[in-house]
Amino acid sequence: MSAESRYDILLEPVKIGPVTARNRFYQVPHCTGMGYRDPTALAHMRGVKAEGGWAVVCTEQVEFHWSAEITPFIELRLWDDRDIPMLARMAEHIHAHGALAGLELCYNGLHSPNFYSREVPMGPTGLPVASFSYEPLQGRTMDKQDIRNLRRWHRAAALRARQAGFDLIYVYGGHALNILHHFLSHEFNQRTDEYGGSLENRTRLLKELLTDTREAVGDTCAVPCRLSVDELRGGAGLEKAETEDMIGLVAEIPDLWDVCLASWENDSMSSRFGEEGGQEPFISGVKKLTTKPVLGVGRYTSPDRMVSIVRKGIVDMIGCARPSIADPFLPNKVAEGRLEDIRECIGCNICVSGDFTMSPIRCTQNPTMGEEWRRGWHPERIRPKESEKPVLIVGAGPAGLEAAQALGKRGYEVTLAERETELGGRVARECRLPGLAAWGRVRDYRAEQLHKLPNVSLYLDSRLDAETVLEFGCPRVVIATGARWRGDGVGRHWTAPVPLDGGAQVLTPDDLMAERWPEGARVTVWDDDHYYMASVLAELLADRGYETTYVTPASEASTWSRNTMEQHFAQARLLEKGVRIEAFRNLSRIAPGVVATSCVHTGQTDEAEADAVVLVTARTPADEIAAELARQRERWADAGLEAVDTIGDALAPATIAHAVYAGRRYAEELDGPPVSPDEVPFKRELAELIA
């Protein structure tokens with residue numbers, strides 16, 4: 001029972017075939033960027049979620065045959081028996097905390113470039129490989145023997161998954177990323193035999209794999225089916241009505257329906273472009289087609305919204321990926337009535353970037369994500385203080401806030417000084433920009449935690465300098481004063497200031513966030529940052545009626561946001577708002593009323609009228625206090641000052657996730673064993689050498 005009875009429905013057990021989930025909280029399969037390279041780190045991460053109260057904790061996709069692998073992406077593998085121990089370790093960590101372990105078998109088909117195996121990809125029809133980049137290769141059309149092989153491989157993998165200890169074994173047809181979706185799709189499936197053409201024929205392989213898996217492991221393991229109900233492409237892709245007909249043909253075979261959208265960027269849309277629960281119109285109605293439990297996702301962070309969709313009969317279980325990353329203990333906090341302690345997902349999709357950059361998963365809200373085994377960090381516990389020495393933190397942005405609340409929970413006396421009249425630093429400014437309101441949760445969660453800590457003193461409108469820091473007499477000082485956007489054009493393209501004629505109107509993101517608006521109607525935004533800021537500001541300017549031109553040396557707007565699956569949404573929004581996008585252009589010169597750009601390929605220069613230019617380039621660390629303290633090091637002993645550390649953007653500007661991580665790392669390592677720059681500061685797994 002929960003501390004508040006209205007949430008009791010979320011804690012009810014749900015029967016899924018031969019197994020029973022202890023509540024309705026279900027961590028759906030999600031990638032991590034760790035996969036087969038970091039299996040122990042991955043096992044510990046999933047285990048922490050089970051500890052946090054999730055009833056079902058699933059893997060990411062698990063490749064079950066070497067003829068469909070998606071190098072360079074690092075997922076899990078179950079190619080043969082040698083992979084069983086790696087997966088068994090994960091199941092053991094999940095079971096240790098009373099949760100069910102789910103495994104998502106996947107054959108990527110026409111999504112598999114097979115760079116590692118060098119096998120020719122296969123699909124229902126021989127078409128170009130449909131991966132995230134434009135690989136110059138095609139797949140071949142599967143014949144009947146290939147289909148029989150696929151069924152045999154899938155069945156063998158299901159048996160291995162059961163041997164590894166998993167309780168739920170998926171038949172995966174979602175996200176347009178796998179062979180089943182390709183067979184279901186009238187776009188990819190151009191066959192004329194019994195596996196193509198009609199709806200029933202295109203559903204045939206799905207029915208066969210579901211039946212095979214039930215016969216192989218269904219006596220002890222649940223068999224969920226994950227399917228995308230709409231591709232949001234109109235008639236060019238699968239639509240809800242057609243998919244519901246497909247579900248109707250096999251409605252009672254799986255033990256659970258896990259329904260989502262395709263492709264992945266629609267299913268995991270960032271908060272900038274999609275609201276909580278945005279999938280409800282698409283997943284509504286699935287429960288009418290089957291007697292089996294149904295779950296759906298939608299970046300649910302509000303327990304009240306969760307209760308609502310269960311009571312409305314939309315779903316039986318609350319599927320979560322990103323909310324389970326931001327707060328692995330969300331279910332326990334709901335059960336204990338600690339809703340104010342929930343670390344709500346902000347929907348920035350920095351977690352997704354781990355998969356796209358083949359690096360361990362990270363989270364803006366939860367800096368311990370991916371570090372549970374590597375560094376021994378835990379989202380809800382931190383070791384007690386090891387000295388009585390207090391800490392002064394200068395700057396209450398994301399790094400300072402995280403350091404203050406983590407140190408406070410360790411038991412240190414902390415003073416947090418902020419020059420502005422509100423908490424949050426860059427987060428407080430950026431969350432006022434179009435689409436970024438949810439980012440304010442980074443500040444809100446930490447502010448709530450600080451209010452509960454009597455050993456943390458907070459001072460707003462407190463403008464410290466090196467002299468006042470020395471006068472403060474605190475032995476440990478943390479400089480977390482953030483950074484400022486540069487106004488001289490220095491960035492990736494220009495490593496020296498851009499040629500600038502006097503009198504030209506040049507602004508920075510800081511100017512716009514402070515509501516210092518351009519004079520005149522025509523504004524050029526120069527993006528040499530390549531993440532979200534320039535496109536957000538161009539959108540802001542367009543909304544205010546400016547004739548806005550977006551210029552970038554990259555091939556597209558906000559190109560790095562491909563790693564957060566937002567790029568095409570950002571570009572579409574700019575075009576819809578009338579922003580002119582000029583790609584492959586370098587900024588050459590700024591003069592009053594004129595901006596000159598050149599082609600990155602030919603160097604040919606053109607001029608355009610511009611009343612103002614907004615430079616979104618590099619940032620300068622606001623490290624003046626740290627620099628001045630370093631110059632006055634001879635005074636430290638008399639002032640009782642022992643150490644000054646600079647963290648976050650004040651050390652090196654990066655993402656908000658980097659800043660939060662820096663704050664947590666400082667708090668974790670304070671008074672710990674010395675960290676040698678000559679030694680690897682975290683655990684890693686090394687490959688076994690095979691003779």
# chains A, B, ... in the order shown; residues from 1 in each chain; ligands from 1
>>> select_by_dssp(residues="segment 103-276 of chain A", states="strand (DSSP E or B)", output="number ranges by chain")
A: 103-106, 122-123, 128, 138, 140-141, 168-173, 222, 224-228, 256-260
>>> residues_around(residues="Arg476 of chain A", least_positions_apart="4", cutoff="9 Å", atoms="only C-alpha atoms", output="list in words")
Lys389, Pro390, Val391, Leu392, Ile393, Gly640, Leu641, Glu642, Ala643, Val644 and Asp645 of chain A
>>> residues_around(residues="Trp439 of chain A", least_positions_apart="4", cutoff="10 Å", atoms="only C-alpha atoms", output="VMD selection string")
chain A and resid 271 to 272 344 to 348 364 to 365 427 to 433 435 443 to 444 656
>>> write_last_selection(atoms="all heavy atoms", output="compact mmCIF listing (two decimals), in the first residue's frame")
# COMPACT_ATOMS: atom_id res chain seq x y z
N SER A 271 11.33 16.50 -24.68
CA SER A 271 10.30 17.38 -24.10
C SER A 271 10.15 18.66 -24.90
O SER A 271 9.11 19.32 -24.84
CB SER A 271 10.64 17.70 -22.65
OG SER A 271 11.90 18.33 -22.55
N ARG A 272 11.17 19.03 -25.65
CA ARG A 272 11.08 20.24 -26.47
C ARG A 272 10.03 20.09 -27.55
O ARG A 272 9.41 21.08 -27.97
CB ARG A 272 12.45 20.52 -27.10
CG ARG A 272 12.52 21.78 -27.93
CD ARG A 272 13.92 22.00 -28.49
NE ARG A 272 13.93 23.05 -29.50
CZ ARG A 272 14.93 23.28 -30.32
NH1 ARG A 272 16.03 22.56 -30.24
NH2 ARG A 272 14.85 24.24 -31.24
N GLU A 344 12.50 14.06 -11.47
CA GLU A 344 11.71 13.95 -12.70
C GLU A 344 12.58 14.09 -13.95
O GLU A 344 13.42 14.99 -14.05
CB GLU A 344 10.62 15.02 -12.73
CG GLU A 344 9.49 14.80 -11.74
CD GLU A 344 8.39 15.80 -11.95
OE1 GLU A 344 8.53 16.93 -11.46
OE2 GLU A 344 7.40 15.46 -12.61
N CYS A 345 12.33 13.22 -14.90
CA CYS A 345 12.99 13.30 -16.21
C CYS A 345 12.67 14.64 -16.85
O CYS A 345 11.54 15.13 -16.79
CB CYS A 345 12.47 12.16 -17.09
SG CYS A 345 12.99 12.26 -18.81
N ILE A 346 13.70 15.25 -17.46
CA ILE A 346 13.48 16.53 -18.14
C ILE A 346 13.30 16.36 -19.65
O ILE A 346 13.08 17.33 -20.37
CB ILE A 346 14.61 17.54 -17.86
CG1 ILE A 346 15.92 17.13 -18.55
CG2 ILE A 346 14.82 17.70 -16.35
CD1 ILE A 346 16.99 18.20 -18.50
N GLY A 347 13.43 15.13 -20.13
CA GLY A 347 13.20 14.87 -21.55
C GLY A 347 14.22 15.50 -22.47
O GLY A 347 13.90 15.83 -23.62
N CYS A 348 15.45 15.65 -22.01
CA CYS A 348 16.49 16.27 -22.85
C CYS A 348 17.11 15.26 -23.80
O CYS A 348 17.80 15.65 -24.76
CB CYS A 348 17.57 16.90 -21.99
SG CYS A 348 18.53 15.71 -21.02
N THR A 364 21.07 13.85 -17.32
CA THR A 364 21.20 15.19 -16.77
C THR A 364 20.72 15.23 -15.33
O THR A 364 21.37 15.83 -14.46
CB THR A 364 20.41 16.19 -17.62
OG1 THR A 364 20.94 16.18 -18.95
CG2 THR A 364 20.51 17.60 -17.06
N GLN A 365 19.60 14.58 -15.05
CA GLN A 365 19.05 14.62 -13.70
C GLN A 365 19.76 13.68 -12.74
O GLN A 365 19.90 13.97 -11.55
CB GLN A 365 17.56 14.25 -13.75
CG GLN A 365 16.63 15.40 -14.08
CD GLN A 365 16.42 16.34 -12.92
OE1 GLN A 365 17.37 16.92 -12.41
NE2 GLN A 365 15.18 16.52 -12.51
N VAL A 427 20.42 27.02 -15.96
CA VAL A 427 19.14 26.32 -16.06
C VAL A 427 17.98 27.30 -15.88
O VAL A 427 16.97 27.22 -16.57
CB VAL A 427 19.07 25.18 -15.03
CG1 VAL A 427 17.68 24.61 -14.95
CG2 VAL A 427 20.08 24.09 -15.38
N ALA A 428 18.13 28.23 -14.94
CA ALA A 428 17.07 29.21 -14.70
C ALA A 428 16.83 30.07 -15.92
O ALA A 428 15.69 30.46 -16.21
CB ALA A 428 17.43 30.08 -13.50
N ARG A 429 17.89 30.37 -16.66
CA ARG A 429 17.75 31.19 -17.86
C ARG A 429 17.23 30.37 -19.03
O ARG A 429 16.32 30.79 -19.75
CB ARG A 429 19.09 31.83 -18.22
CG ARG A 429 19.63 32.79 -17.17
CD ARG A 429 20.87 33.52 -17.65
NE ARG A 429 22.02 32.61 -17.84
CZ ARG A 429 22.86 32.27 -16.89
NH1 ARG A 429 22.69 32.73 -15.65
NH2 ARG A 429 23.89 31.48 -17.14
N GLU A 430 17.79 29.19 -19.21
CA GLU A 430 17.45 28.41 -20.40
C GLU A 430 16.04 27.83 -20.33
O GLU A 430 15.40 27.64 -21.37
CB GLU A 430 18.48 27.30 -20.60
CG GLU A 430 19.85 27.84 -20.97
CD GLU A 430 20.86 26.74 -21.27
OE1 GLU A 430 20.44 25.62 -21.61
OE2 GLU A 430 22.08 27.01 -21.16
N CYS A 431 15.53 27.56 -19.14
CA CYS A 431 14.20 26.95 -19.06
C CYS A 431 13.10 27.93 -19.45
O CYS A 431 11.94 27.53 -19.57
CB CYS A 431 13.95 26.36 -17.68
SG CYS A 431 13.65 27.55 -16.36
N ARG A 432 13.45 29.19 -19.66
CA ARG A 432 12.46 30.17 -20.13
C ARG A 432 12.41 30.24 -21.66
O ARG A 432 11.57 30.94 -22.22
CB ARG A 432 12.79 31.56 -19.57
CG ARG A 432 12.75 31.63 -18.04
CD ARG A 432 12.91 33.07 -17.56
NE ARG A 432 12.90 33.15 -16.12
CZ ARG A 432 13.98 33.26 -15.35
NH1 ARG A 432 15.17 33.34 -15.92
NH2 ARG A 432 13.88 33.31 -14.04
N LEU A 433 13.30 29.54 -22.31
CA LEU A 433 13.34 29.55 -23.77
C LEU A 433 12.29 28.60 -24.33
O LEU A 433 11.82 27.69 -23.65
CB LEU A 433 14.73 29.15 -24.25
CG LEU A 433 15.86 30.12 -23.89
CD1 LEU A 433 17.22 29.52 -24.26
CD2 LEU A 433 15.67 31.46 -24.58
N GLY A 435 10.25 25.69 -25.50
CA GLY A 435 10.35 24.25 -25.45
C GLY A 435 11.20 23.68 -24.32
O GLY A 435 11.25 22.46 -24.15
N ARG A 443 16.83 22.36 -11.51
CA ARG A 443 16.88 23.29 -10.37
C ARG A 443 15.88 22.90 -9.30
O ARG A 443 16.21 22.85 -8.11
CB ARG A 443 16.60 24.71 -10.86
CG ARG A 443 16.36 25.74 -9.78
CD ARG A 443 15.59 26.93 -10.36
NE ARG A 443 14.32 26.50 -10.95
CZ ARG A 443 13.68 27.16 -11.91
NH1 ARG A 443 14.17 28.28 -12.41
NH2 ARG A 443 12.52 26.71 -12.38
N ASP A 444 14.65 22.59 -9.72
CA ASP A 444 13.57 22.38 -8.76
C ASP A 444 13.84 21.20 -7.83
O ASP A 444 13.60 21.27 -6.62
CB ASP A 444 12.25 22.19 -9.50
CG ASP A 444 11.86 23.41 -10.31
OD1 ASP A 444 12.41 24.50 -10.06
OD2 ASP A 444 11.01 23.27 -11.22
N ILE A 656 24.59 20.58 -19.63
CA ILE A 656 24.11 20.62 -18.25
C ILE A 656 24.41 19.30 -17.56
O ILE A 656 24.76 19.27 -16.37
CB ILE A 656 22.61 20.94 -18.21
CG1 ILE A 656 22.35 22.33 -18.81
CG2 ILE A 656 22.06 20.87 -16.79
CD1 ILE A 656 20.88 22.65 -19.03
>>> atom_distance(atom1="atom CA of Ala91 of chain A", atom2="atom CA of Arg24 of chain A")
19.4 Å
>>> select_by_dssp(residues="segment 265-359 of chain A", states="alpha helix (DSSP H)", output="count of residues only")
34
>>> decode(residues="segment 82-109 of chain A", atoms="C-alpha atoms", output="PDB file, in the first residue's frame")
ATOM      1  CA  ARG A  82      29.137 -18.132 -24.471  1.00  0.00           C
ATOM      2  CA  ASP A  83      26.933 -15.051 -24.064  1.00  0.00           C
ATOM      3  CA  ILE A  84      24.753 -16.660 -21.394  1.00  0.00           C
ATOM      4  CA  PRO A  85      26.940 -15.805 -18.350  1.00  0.00           C
ATOM      5  CA  MET A  86      26.993 -12.119 -19.287  1.00  0.00           C
ATOM      6  CA  LEU A  87      23.200 -12.001 -19.393  1.00  0.00           C
ATOM      7  CA  ALA A  88      22.787 -14.245 -16.368  1.00  0.00           C
ATOM      8  CA  ARG A  89      24.700 -11.718 -14.291  1.00  0.00           C
ATOM      9  CA  MET A  90      22.139  -9.086 -15.185  1.00  0.00           C
ATOM     10  CA  ALA A  91      19.194 -11.351 -14.364  1.00  0.00           C
ATOM     11  CA  GLU A  92      20.785 -12.156 -11.006  1.00  0.00           C
ATOM     12  CA  HIS A  93      21.119  -8.469 -10.092  1.00  0.00           C
ATOM     13  CA  ILE A  94      17.509  -7.820 -11.061  1.00  0.00           C
ATOM     14  CA  HIS A  95      16.216 -10.837  -9.144  1.00  0.00           C
ATOM     15  CA  ALA A  96      18.246  -9.893  -6.070  1.00  0.00           C
ATOM     16  CA  HIS A  97      15.757  -7.073  -5.453  1.00  0.00           C
ATOM     17  CA  GLY A  98      12.570  -8.962  -6.215  1.00  0.00           C
ATOM     18  CA  ALA A  99      11.924  -7.771  -9.770  1.00  0.00           C
ATOM     19  CA  LEU A 100      11.220  -9.756 -12.906  1.00  0.00           C
ATOM     20  CA  ALA A 101      13.914  -9.727 -15.578  1.00  0.00           C
ATOM     21  CA  GLY A 102      12.912  -9.148 -19.194  1.00  0.00           C
ATOM     22  CA  LEU A 103      15.017  -9.718 -22.315  1.00  0.00           C
ATOM     23  CA  GLU A 104      14.267  -8.218 -25.725  1.00  0.00           C
ATOM     24  CA  LEU A 105      15.399 -10.487 -28.538  1.00  0.00           C
ATOM     25  CA  CYS A 106      16.104  -8.585 -31.731  1.00  0.00           C
ATOM     26  CA  TYR A 107      17.010  -9.364 -35.322  1.00  0.00           C
ATOM     27  CA  ASN A 108      17.660  -6.007 -36.952  1.00  0.00           C
ATOM     28  CA  GLY A 109      17.279  -7.185 -40.543  1.00  0.00           C
TER      29      GLY A 109
END
